[in-house]
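Okay, work-v4.pdb now, which holds PDB, C-alpha atoms, pLDDT in the B column:
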```pdb
ATOM      1  CA  MET A   4      21.761  12.581  24.348  1.00 47.00           C
ATOM      2  CA  SER A   5      21.206  15.856  26.251  1.00 45.00           C
ATOM      3  CA  THR A   6      18.545  16.225  28.954  1.00 46.00           C
ATOM      4  CA  GLN A   7      16.763  18.761  26.755  1.00 46.00           C
ATOM      5  CA  SER A   8      16.561  16.408  23.763  1.00 44.00           C
ATOM      6  CA  LYS A   9      15.328  13.604  26.040  1.00 47.00           C
ATOM      7  CA  THR A  10      12.597  15.905  27.363  1.00 49.00           C
ATOM      8  CA  THR A  11      11.654  16.959  23.827  1.00 53.00           C
ATOM      9  CA  GLY A  12      11.491  13.297  22.771  1.00 57.00           C
ATOM     10  CA  LYS A  13       9.192  12.499  25.679  1.00 61.00           C
ATOM     11  CA  LYS A  14       6.911  15.406  24.729  1.00 57.00           C
ATOM     12  CA  VAL A  15       6.736  14.202  21.118  1.00 57.00           C
ATOM     13  CA  ASN A  16       6.015  10.637  22.224  1.00 69.00           C
ATOM     14  CA  LYS A  17       3.303  11.811  24.622  1.00 66.00           C
ATOM     15  CA  ALA A  18       1.727  13.993  21.930  1.00 56.00           C
ATOM     16  CA  TRP A  19       1.767  11.094  19.444  1.00 47.00           C
ATOM     17  CA  LEU A  20       0.310   8.716  22.021  1.00 58.00           C
ATOM     18  CA  HIS A  21      -2.424  11.202  22.920  1.00 56.00           C
ATOM     19  CA  ASP A  22      -3.325  11.673  19.239  1.00 59.00           C
ATOM     20  CA  HIS A  23      -3.205   7.921  18.618  1.00 59.00           C
ATOM     21  CA  VAL A  24      -5.419   6.968  21.570  1.00 61.00           C
ATOM     22  CA  ASN A  25      -7.965   9.650  20.651  1.00 72.00           C
ATOM     23  CA  ASP A  26      -7.800   9.051  16.892  1.00 84.00           C
ATOM     24  CA  PRO A  27     -11.287   8.117  15.602  1.00 89.00           C
ATOM     25  CA  TYR A  28      -9.756   5.829  12.957  1.00 87.00           C
ATOM     26  CA  VAL A  29      -7.769   3.934  15.601  1.00 92.00           C
ATOM     27  CA  LYS A  30     -10.971   3.439  17.606  1.00 91.00           C
ATOM     28  CA  GLN A  31     -12.869   2.385  14.477  1.00 90.00           C
ATOM     29  CA  ALA A  32     -10.130  -0.083  13.524  1.00 89.00           C
ATOM     30  CA  GLN A  33     -10.356  -1.711  16.951  1.00 91.00           C
ATOM     31  CA  LYS A  34     -14.134  -1.910  16.619  1.00 91.00           C
ATOM     32  CA  ASP A  35     -14.025  -3.319  13.070  1.00 90.00           C
ATOM     33  CA  GLY A  36     -11.234  -5.802  13.767  1.00 89.00           C
ATOM     34  CA  TYR A  37      -8.595  -4.181  11.551  1.00 95.00           C
ATOM     35  CA  ARG A  38      -4.955  -4.390  12.603  1.00 95.00           C
ATOM     36  CA  ALA A  39      -4.273  -0.729  11.782  1.00 94.00           C
ATOM     37  CA  ARG A  40      -6.077   2.488  10.915  1.00 93.00           C
ATOM     38  CA  ALA A  41      -4.453   2.290   7.449  1.00 94.00           C
ATOM     39  CA  ALA A  42      -7.375   0.079   6.353  1.00 96.00           C
ATOM     40  CA  TYR A  43      -9.535   3.186   6.054  1.00 96.00           C
ATOM     41  CA  LYS A  44      -7.114   4.856   3.654  1.00 96.00           C
ATOM     42  CA  LEU A  45      -7.538   2.023   1.154  1.00 97.00           C
ATOM     43  CA  LYS A  46     -11.269   1.859   1.914  1.00 97.00           C
ATOM     44  CA  GLU A  47     -11.694   5.549   0.996  1.00 96.00           C
ATOM     45  CA  ILE A  48      -9.719   5.151  -2.227  1.00 97.00           C
ATOM     46  CA  ASP A  49     -11.598   1.988  -3.178  1.00 98.00           C
ATOM     47  CA  GLU A  50     -15.033   3.446  -2.425  1.00 97.00           C
ATOM     48  CA  ALA A  51     -14.240   6.558  -4.472  1.00 97.00           C
ATOM     49  CA  LEU A  52     -12.848   4.694  -7.493  1.00 97.00           C
ATOM     50  CA  GLY A  53     -14.430   1.201  -7.320  1.00 97.00           C
ATOM     51  CA  LEU A  54     -11.169  -0.708  -7.749  1.00 98.00           C
ATOM     52  CA  ILE A  55     -11.543  -3.937  -5.748  1.00 98.00           C
ATOM     53  CA  LYS A  56     -14.242  -6.468  -6.654  1.00 96.00           C
ATOM     54  CA  PRO A  57     -14.967 -10.150  -5.939  1.00 96.00           C
ATOM     55  CA  GLY A  58     -13.173 -12.564  -8.274  1.00 96.00           C
ATOM     56  CA  GLN A  59     -10.032 -10.464  -8.607  1.00 98.00           C
ATOM     57  CA  VAL A  60      -6.356 -11.245  -8.085  1.00 98.00           C
ATOM     58  CA  VAL A  61      -4.869  -8.577  -5.796  1.00 98.00           C
ATOM     59  CA  VAL A  62      -1.216  -8.090  -4.805  1.00 98.00           C
ATOM     60  CA  ASP A  63      -0.477  -6.189  -1.580  1.00 98.00           C
ATOM     61  CA  LEU A  64       3.086  -4.821  -1.370  1.00 98.00           C
ATOM     62  CA  GLY A  65       4.329  -3.667   2.022  1.00 97.00           C
ATOM     63  CA  SER A  66       1.449  -5.484   3.667  1.00 97.00           C
ATOM     64  CA  THR A  67       2.487  -5.760   7.338  1.00 97.00           C
ATOM     65  CA  PRO A  68       0.728  -5.565   9.782  1.00 97.00           C
ATOM     66  CA  GLY A  69      -1.995  -6.629   7.352  1.00 98.00           C
ATOM     67  CA  ALA A  70      -4.786  -4.026   7.481  1.00 98.00           C
ATOM     68  CA  TRP A  71      -4.891  -3.578   3.690  1.00 98.00           C
ATOM     69  CA  SER A  72      -4.925  -7.343   3.123  1.00 98.00           C
ATOM     70  CA  GLN A  73      -7.739  -7.601   5.684  1.00 97.00           C
ATOM     71  CA  TYR A  74      -9.731  -4.954   3.802  1.00 97.00           C
ATOM     72  CA  VAL A  75      -9.146  -6.640   0.428  1.00 98.00           C
ATOM     73  CA  ARG A  76     -10.050 -10.022   1.931  1.00 97.00           C
ATOM     74  CA  ARG A  77     -13.406  -8.647   3.087  1.00 96.00           C
ATOM     75  CA  ARG A  78     -14.049  -7.093  -0.348  1.00 96.00           C
ATOM     76  CA  LEU A  79     -13.469 -10.484  -2.017  1.00 96.00           C
ATOM     77  CA  ALA A  80     -15.651 -12.387   0.454  1.00 93.00           C
ATOM     78  CA  PRO A  81     -19.425 -12.874   0.317  1.00 86.00           C
ATOM     79  CA  ALA A  82     -21.103 -10.313   2.597  1.00 85.00           C
ATOM     80  CA  GLY A  83     -17.699  -8.843   3.508  1.00 84.00           C
ATOM     81  CA  ALA A  84     -16.776 -11.654   5.883  1.00 83.00           C
ATOM     82  CA  ALA A  85     -13.382 -11.574   7.621  1.00 82.00           C
ATOM     83  CA  ALA A  86     -13.141 -15.388   7.363  1.00 84.00           C
ATOM     84  CA  GLY A  87     -14.573 -18.238   5.317  1.00 85.00           C
ATOM     85  CA  THR A  88     -15.224 -18.273   1.569  1.00 87.00           C
ATOM     86  CA  LEU A  89     -12.997 -16.078  -0.578  1.00 92.00           C
ATOM     87  CA  HIS A  90     -13.867 -15.252  -4.184  1.00 95.00           C
ATOM     88  CA  GLY A  91     -10.517 -14.273  -5.643  1.00 96.00           C
ATOM     89  CA  ALA A  92      -6.871 -14.360  -4.572  1.00 97.00           C
ATOM     90  CA  ILE A  93      -4.624 -12.146  -2.450  1.00 98.00           C
ATOM     91  CA  VAL A  94      -0.834 -12.346  -2.450  1.00 98.00           C
ATOM     92  CA  SER A  95       0.883 -10.135   0.135  1.00 98.00           C
ATOM     93  CA  LEU A  96       4.532  -9.348   0.681  1.00 98.00           C
ATOM     94  CA  ASP A  97       6.559  -7.486   3.279  1.00 97.00           C
ATOM     95  CA  ILE A  98      10.119  -7.266   4.593  1.00 96.00           C
ATOM     96  CA  LEU A  99       8.620  -7.661   8.095  1.00 96.00           C
ATOM     97  CA  PRO A 100       6.740 -10.746   9.327  1.00 97.00           C
ATOM     98  CA  MET A 101       2.938 -10.682   9.214  1.00 98.00           C
ATOM     99  CA  GLU A 102       0.455 -12.632  11.301  1.00 97.00           C
ATOM    100  CA  PRO A 103      -1.578 -14.973   9.024  1.00 97.00           C
ATOM    101  CA  ILE A 104      -4.853 -13.831   7.488  1.00 96.00           C
ATOM    102  CA  GLU A 105      -7.209 -16.582   6.347  1.00 94.00           C
ATOM    103  CA  GLY A 106      -7.060 -17.005   2.569  1.00 94.00           C
ATOM    104  CA  VAL A 107      -4.105 -14.630   2.078  1.00 97.00           C
ATOM    105  CA  THR A 108      -0.790 -15.929   0.699  1.00 98.00           C
ATOM    106  CA  PHE A 109       1.977 -14.052   2.526  1.00 98.00           C
ATOM    107  CA  LEU A 110       5.603 -13.871   1.394  1.00 98.00           C
ATOM    108  CA  HIS A 111       8.276 -12.618   3.789  1.00 98.00           C
ATOM    109  CA  GLY A 112      11.073 -10.811   1.984  1.00 97.00           C
ATOM    110  CA  ASP A 113      12.514  -7.617   0.508  1.00 95.00           C
ATOM    111  CA  PHE A 114      10.710  -6.557  -2.677  1.00 94.00           C
ATOM    112  CA  ARG A 115      13.949  -4.983  -3.938  1.00 92.00           C
ATOM    113  CA  GLU A 116      15.662  -8.390  -4.184  1.00 95.00           C
ATOM    114  CA  PRO A 117      15.289 -10.349  -7.465  1.00 95.00           C
ATOM    115  CA  GLU A 118      14.862 -13.662  -5.610  1.00 97.00           C
ATOM    116  CA  VAL A 119      11.923 -12.249  -3.617  1.00 97.00           C
ATOM    117  CA  LEU A 120      10.371 -10.797  -6.761  1.00 95.00           C
ATOM    118  CA  ALA A 121      10.684 -14.243  -8.382  1.00 96.00           C
ATOM    119  CA  ARG A 122       8.864 -15.809  -5.412  1.00 97.00           C
ATOM    120  CA  LEU A 123       6.103 -13.213  -5.755  1.00 97.00           C
ATOM    121  CA  GLU A 124       5.750 -13.941  -9.474  1.00 96.00           C
ATOM    122  CA  ALA A 125       5.594 -17.677  -8.698  1.00 97.00           C
ATOM    123  CA  ALA A 126       2.820 -17.070  -6.142  1.00 97.00           C
ATOM    124  CA  VAL A 127       0.837 -15.068  -8.712  1.00 97.00           C
ATOM    125  CA  GLY A 128       1.296 -18.086 -10.973  1.00 95.00           C
ATOM    126  CA  GLY A 129       0.870 -16.401 -14.332  1.00 93.00           C
ATOM    127  CA  ARG A 130      -2.596 -15.063 -13.515  1.00 95.00           C
ATOM    128  CA  PRO A 131      -3.288 -11.520 -14.697  1.00 96.00           C
ATOM    129  CA  VAL A 132      -3.389  -9.247 -11.650  1.00 98.00           C
ATOM    130  CA  ASP A 133      -6.390  -6.933 -11.305  1.00 98.00           C
ATOM    131  CA  VAL A 134      -5.101  -4.568  -8.612  1.00 98.00           C
ATOM    132  CA  VAL A 135      -1.699  -3.901  -7.042  1.00 98.00           C
ATOM    133  CA  VAL A 136      -1.743  -1.932  -3.783  1.00 98.00           C
ATOM    134  CA  SER A 137       1.506  -0.646  -2.302  1.00 98.00           C
ATOM    135  CA  ASP A 138       1.868   0.859   1.154  1.00 95.00           C
ATOM    136  CA  MET A 139       5.635   0.347   0.997  1.00 94.00           C
ATOM    137  CA  ALA A 140       7.819   2.991   2.627  1.00 87.00           C
ATOM    138  CA  PRO A 141      11.525   2.832   3.433  1.00 86.00           C
ATOM    139  CA  ASN A 142      13.031   3.570   6.827  1.00 81.00           C
ATOM    140  CA  LEU A 143      13.648   7.302   6.614  1.00 76.00           C
ATOM    141  CA  SER A 144      17.009   8.793   7.556  1.00 77.00           C
ATOM    142  CA  GLY A 145      15.931  12.425   7.772  1.00 77.00           C
ATOM    143  CA  ILE A 146      18.275  13.299   4.888  1.00 76.00           C
ATOM    144  CA  GLY A 147      15.850  14.682   2.322  1.00 75.00           C
ATOM    145  CA  SER A 148      17.606  13.730  -0.913  1.00 79.00           C
ATOM    146  CA  ALA A 149      18.466  10.211   0.255  1.00 81.00           C
ATOM    147  CA  ASP A 150      14.951   9.578   1.571  1.00 81.00           C
ATOM    148  CA  ALA A 151      13.367  10.866  -1.650  1.00 83.00           C
ATOM    149  CA  ALA A 152      15.570   8.494  -3.654  1.00 88.00           C
ATOM    150  CA  ARG A 153      14.587   5.513  -1.452  1.00 90.00           C
ATOM    151  CA  ILE A 154      10.884   6.342  -1.701  1.00 89.00           C
ATOM    152  CA  SER A 155      11.077   6.822  -5.474  1.00 93.00           C
ATOM    153  CA  HIS A 156      12.932   3.533  -5.925  1.00 94.00           C
ATOM    154  CA  LEU A 157      10.198   1.538  -4.167  1.00 95.00           C
ATOM    155  CA  VAL A 158       7.445   3.270  -6.149  1.00 96.00           C
ATOM    156  CA  GLU A 159       9.342   2.678  -9.408  1.00 96.00           C
ATOM    157  CA  LEU A 160       9.612  -1.027  -8.564  1.00 96.00           C
ATOM    158  CA  ALA A 161       5.873  -1.169  -7.815  1.00 97.00           C
ATOM    159  CA  VAL A 162       5.095   0.512 -11.143  1.00 98.00           C
ATOM    160  CA  ASP A 163       7.397  -1.884 -12.982  1.00 97.00           C
ATOM    161  CA  PHE A 164       5.744  -4.904 -11.329  1.00 97.00           C
ATOM    162  CA  ALA A 165       2.283  -3.515 -12.148  1.00 98.00           C
ATOM    163  CA  VAL A 166       3.162  -2.890 -15.795  1.00 97.00           C
ATOM    164  CA  GLN A 167       4.489  -6.457 -16.106  1.00 96.00           C
ATOM    165  CA  HIS A 168       1.590  -8.201 -14.353  1.00 97.00           C
ATOM    166  CA  LEU A 169      -1.614  -6.123 -14.450  1.00 98.00           C
ATOM    167  CA  ARG A 170      -4.378  -6.898 -16.873  1.00 97.00           C
ATOM    168  CA  ALA A 171      -5.026  -4.059 -19.354  1.00 97.00           C
ATOM    169  CA  GLU A 172      -7.768  -2.440 -17.245  1.00 97.00           C
ATOM    170  CA  GLY A 173      -5.971  -3.065 -13.934  1.00 98.00           C
ATOM    171  CA  ALA A 174      -5.034  -0.514 -11.290  1.00 98.00           C
ATOM    172  CA  LEU A 175      -2.094   0.388  -9.053  1.00 98.00           C
ATOM    173  CA  VAL A 176      -2.454   2.260  -5.756  1.00 98.00           C
ATOM    174  CA  ALA A 177       0.921   3.402  -4.354  1.00 98.00           C
ATOM    175  CA  LYS A 178       1.874   5.469  -1.335  1.00 95.00           C
ATOM    176  CA  VAL A 179       4.105   8.430  -2.177  1.00 94.00           C
ATOM    177  CA  PHE A 180       5.168  11.563  -0.311  1.00 90.00           C
ATOM    178  CA  HIS A 181       4.905  15.201  -1.326  1.00 86.00           C
ATOM    179  CA  GLY A 182       8.332  16.707  -1.653  1.00 83.00           C
ATOM    180  CA  ALA A 183      11.454  15.974  -3.683  1.00 83.00           C
ATOM    181  CA  GLY A 184      10.793  13.402  -6.384  1.00 90.00           C
ATOM    182  CA  TYR A 185       6.971  13.661  -6.250  1.00 93.00           C
ATOM    183  CA  ASP A 186       6.553  15.334  -9.667  1.00 95.00           C
ATOM    184  CA  GLU A 187       8.777  12.713 -11.290  1.00 95.00           C
ATOM    185  CA  LEU A 188       6.617   9.926  -9.842  1.00 97.00           C
ATOM    186  CA  VAL A 189       3.467  11.582 -11.193  1.00 97.00           C
ATOM    187  CA  ARG A 190       5.138  11.688 -14.623  1.00 97.00           C
ATOM    188  CA  LEU A 191       6.076   7.997 -14.280  1.00 97.00           C
ATOM    189  CA  PHE A 192       2.441   7.123 -13.559  1.00 98.00           C
ATOM    190  CA  ARG A 193       1.216   9.243 -16.489  1.00 98.00           C
ATOM    191  CA  ALA A 194       3.692   7.497 -18.790  1.00 98.00           C
ATOM    192  CA  ASN A 195       2.276   4.081 -17.878  1.00 98.00           C
ATOM    193  CA  PHE A 196      -1.428   4.580 -17.031  1.00 98.00           C
ATOM    194  CA  ARG A 197      -4.299   6.089 -18.961  1.00 98.00           C
ATOM    195  CA  VAL A 198      -5.899   7.595 -15.852  1.00 98.00           C
ATOM    196  CA  VAL A 199      -3.824   8.967 -12.954  1.00 98.00           C
ATOM    197  CA  LYS A 200      -5.411  10.322  -9.774  1.00 97.00           C
ATOM    198  CA  PRO A 201      -3.606  11.698  -6.716  1.00 96.00           C
ATOM    199  CA  PHE A 202      -5.632  10.862  -3.602  1.00 95.00           C
ATOM    200  CA  LYS A 203      -5.213  12.126  -0.027  1.00 93.00           C
ATOM    201  CA  PRO A 204      -7.609  10.084   2.129  1.00 92.00           C
ATOM    202  CA  LYS A 205      -9.222  11.715   5.161  1.00 91.00           C
ATOM    203  CA  ALA A 206      -7.671   8.858   7.175  1.00 86.00           C
ATOM    204  CA  SER A 207      -4.174  10.178   6.355  1.00 83.00           C
ATOM    205  CA  ARG A 208      -3.043  12.391   9.206  1.00 79.00           C
ATOM    206  CA  ASP A 209      -3.158  16.092   8.277  1.00 76.00           C
ATOM    207  CA  ARG A 210       0.484  16.686   9.193  1.00 77.00           C
ATOM    208  CA  SER A 211       1.667  13.729   7.121  1.00 79.00           C
ATOM    209  CA  SER A 212       3.100  14.412   3.665  1.00 85.00           C
ATOM    210  CA  GLU A 213       1.878  11.016   2.466  1.00 90.00           C
ATOM    211  CA  THR A 214      -0.541  10.833  -0.402  1.00 93.00           C
ATOM    212  CA  PHE A 215      -1.442   8.081  -2.861  1.00 96.00           C
ATOM    213  CA  LEU A 216      -1.136   7.874  -6.611  1.00 98.00           C
ATOM    214  CA  VAL A 217      -3.698   5.725  -8.385  1.00 98.00           C
ATOM    215  CA  GLY A 218      -3.049   4.563 -11.936  1.00 98.00           C
ATOM    216  CA  ILE A 219      -5.892   2.890 -13.839  1.00 98.00           C
ATOM    217  CA  GLY A 220      -5.661   1.187 -17.241  1.00 98.00           C
ATOM    218  CA  LEU A 221      -2.272   0.415 -18.735  1.00 98.00           C
ATOM    219  CA  LYS A 222      -1.062   2.385 -21.707  1.00 95.00           C
ATOM    220  CA  ALA A 223       0.105   0.220 -24.609  1.00 79.00           C
ATOM    221  CA  GLN A 224       3.819  -0.326 -24.097  1.00 65.00           C
ATOM    222  CA  ALA A 225       6.203   0.332 -26.957  1.00 43.00           C
ATOM    223  CA  GLY A 226       7.228  -2.978 -28.440  1.00 41.00           C
ATOM    224  CA  ALA A 227       4.517  -4.849 -26.521  1.00 45.00           C
TER     225      ALA A 227
END
```
Take the structure from the file and write it as structure tokens.
Amino acid sequence: MSTQSKTTGKKVNKAWLHDHVNDPYVKQAQKDGYRARAAYKLKEIDEALGLIKPGQVVVDLGSTPGAWSQYVRRRLAPAGAAAGTLHGAIVSLDILPMEPIEGVTFLHGDFREPEVLARLEAAVGGRPVDVVVSDMAPNLSGIGSADAARISHLVELAVDFAVQHLRAEGALVAKVFHGAGYDELVRLFRANFRVVKPFKPKASRDRSSETFLVGIGLKAQAGA
């Protein structure tokens, strides 16, 4: 690595660190006891659309470090408690380990592998799922076409799981990225859900191309 590229890297890291330390959502997450600022992305989506309610079965894909599962756990608990009684069920999955969250069933594995998918289905135990949330994102290579294909593949798997397991009025929230493949993913959502809403939470960083697609209410499947 050249001296110039090292210097540039240091500048980028310093800029990111400065933004992170001064980020109001980072400060709020520390205050509220969330493991990451990402909790507020799901919170904004949920408060706008009223998706998560006590008594539900919720599946959290790409859950680590656990901020979305923490948010869901509070939504399913009396008075929004972070511990204690839980009215509903949360099954979370990630390729990375996750520190335990009281009342949350966590599975460690790669969602793309059939054996891991089978374990997830076993944990759901035949119960209709009310909401699937997916913050899954692949490790990006910087090669646009390859990254778009990886992102699309994960979203397609999340849609397939949702179609197989959601109750008729259920919802899927999935992270996507603007760019190559985005329009195709919107079409995939429209093919499977009655209502489709793109959502860019205020908690998403302005320079990030991430957005979220929300599908609500399954369309009747041919042959179903």
Item checked: Contact residues around segment 37-40 of chain A with only C-alpha atoms at 7 Å, ignoring same-chain residues under 6 positions, as a list in words -> Tyr28, Val29, Pro68, Gly69, Ala70 and Gln73 of chain A
Axis-aligned box for segment 53-68 of chain A, 6 Å per side, centre and edges in Å as JSON:
```
{"center_x": -5.3, "center_y": -5.7, "center_z": 0.6, "size_x": 31.3, "size_y": 25.8, "size_z": 30.4}
```
Next item on the list: Within 7 Å of segment 178-188 of chain A, counting only C-alpha atoms, which residues show up once you throw out same-chain ones fewer than 3 positions away? Write them as a PyMOL selection string, please.
Entry: chain A and resi 137-139+151+155+191-192+212-216
Could the residues in this selection be saved with C-alpha atoms as a JSON list (two decimals), keeping the file's coordinate frame?
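Output file again-v6.json is given in full below:
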```json
[["chain", "number", "residue", "atom", "x", "y", "z"],
["A", 137, "SER", "CA", 1.51, -0.65, -2.30],
["A", 138, "ASP", "CA", 1.87, 0.86, 1.15],
["A", 139, "MET", "CA", 5.64, 0.35, 1.00],
["A", 151, "ALA", "CA", 13.37, 10.87, -1.65],
["A", 155, "SER", "CA", 11.08, 6.82, -5.47],
["A", 191, "LEU", "CA", 6.08, 8.00, -14.28],
["A", 192, "PHE", "CA", 2.44, 7.12, -13.56],
["A", 212, "SER", "CA", 3.10, 14.41, 3.66],
["A", 213, "GLU", "CA", 1.88, 11.02, 2.47],
["A", 214, "THR", "CA", -0.54, 10.83, -0.40],
["A", 215, "PHE", "CA", -1.44, 8.08, -2.86],
["A", 216, "LEU", "CA", -1.14, 7.87, -6.61]]
```
Next item on the list: Name the residues that the PyMOL selection byres ((chain A and resi 93-108) around 7) pulls out of this structure, and write them as number ranges by chain.
Entry: A: 60-69, 86, 89, 92, 109-113
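With only C-alpha atoms as the atoms that count, the minimum distance from Ala174 of chain A to the choices A:Ile146, A:Val75, A:Ala152, A:Val134 is reached by A:Val134.
If you look at atom CA of Ala140 of chain A and atom CA of His90 of chain A, they are 29.1 Å away from each other.
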Checklist line | Length of the atom CA of Asp35 of chain A to atom CA of Ala85 of chain A vector [Å] | finding: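 Computing the Euclidean distance for atom CA of Asp35 of chain A and atom CA of Ala85 of chain A yields 9.9 Å.
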Next item on the list: Would you mind telling me which residue in A:Ala206, A:Val199, A:Ala194, A:Leu221 lies nearest to Ala165 of chain A when using all atoms listed in the file?
Entry: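 Closest to Ala165 of chain A of all the choices is A:Leu221.
One distance worth recording is that between atom CA of Asn25 of chain A and atom CA of Ile154 of chain A, which is 29.4 Å.
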Checklist line | Picked residues, the PyMOL selection byres ((chain A and resi 44) around 8), expected as a VMD selection string | finding: chain A and resid 40 to 43 45 to 48 204 to 207
Using the incomplete input, complete segment 177-188 of chain A to the level of N, CA and C atoms; output as a PDB file, in the frame of the given file.
```
ATOM      1  N   ALA A 177      -0.403   3.374  -4.997  1.00 98.00           N
ATOM      2  CA  ALA A 177       0.921   3.402  -4.354  1.00 98.00           C
ATOM      3  C   ALA A 177       1.057   4.618  -3.447  1.00 98.00           C
ATOM      4  N   LYS A 178       1.595   4.361  -2.255  1.00 95.00           N
ATOM      5  CA  LYS A 178       1.874   5.469  -1.335  1.00 95.00           C
ATOM      6  C   LYS A 178       3.099   6.227  -1.812  1.00 95.00           C
ATOM      7  N   VAL A 179       2.976   7.558  -1.839  1.00 94.00           N
ATOM      8  CA  VAL A 179       4.105   8.430  -2.177  1.00 94.00           C
ATOM      9  C   VAL A 179       4.113   9.557  -1.132  1.00 94.00           C
ATOM     10  N   PHE A 180       5.088  10.436  -1.241  1.00 90.00           N
ATOM     11  CA  PHE A 180       5.168  11.563  -0.311  1.00 90.00           C
ATOM     12  C   PHE A 180       5.385  12.845  -1.095  1.00 90.00           C
ATOM     13  N   HIS A 181       4.662  13.897  -0.706  1.00 86.00           N
ATOM     14  CA  HIS A 181       4.905  15.201  -1.326  1.00 86.00           C
ATOM     15  C   HIS A 181       6.299  15.661  -0.940  1.00 86.00           C
ATOM     16  N   GLY A 182       6.964  16.251  -1.905  1.00 83.00           N
ATOM     17  CA  GLY A 182       8.332  16.707  -1.653  1.00 83.00           C
ATOM     18  C   GLY A 182       9.205  16.350  -2.839  1.00 83.00           C
ATOM     19  N   ALA A 183      10.511  16.278  -2.605  1.00 83.00           N
ATOM     20  CA  ALA A 183      11.454  15.974  -3.683  1.00 83.00           C
ATOM     21  C   ALA A 183      11.097  14.643  -4.334  1.00 83.00           C
ATOM     22  N   GLY A 184      11.067  14.644  -5.653  1.00 90.00           N
ATOM     23  CA  GLY A 184      10.793  13.402  -6.384  1.00 90.00           C
ATOM     24  C   GLY A 184       9.325  13.162  -6.690  1.00 90.00           C
ATOM     25  N   TYR A 185       8.413  13.922  -6.057  1.00 93.00           N
ATOM     26  CA  TYR A 185       6.971  13.661  -6.250  1.00 93.00           C
ATOM     27  C   TYR A 185       6.556  13.882  -7.707  1.00 93.00           C
ATOM     28  N   ASP A 186       6.965  15.014  -8.290  1.00 95.00           N
ATOM     29  CA  ASP A 186       6.553  15.334  -9.667  1.00 95.00           C
ATOM     30  C   ASP A 186       7.042  14.274 -10.657  1.00 95.00           C
ATOM     31  N   GLU A 187       8.245  13.755 -10.409  1.00 95.00           N
ATOM     32  CA  GLU A 187       8.777  12.713 -11.290  1.00 95.00           C
ATOM     33  C   GLU A 187       7.937  11.439 -11.200  1.00 95.00           C
ATOM     34  N   LEU A 188       7.452  11.120 -10.002  1.00 97.00           N
ATOM     35  CA  LEU A 188       6.617   9.926  -9.842  1.00 97.00           C
ATOM     36  C   LEU A 188       5.267  10.108 -10.532  1.00 97.00           C
TER      37      LEU A 188
END
```
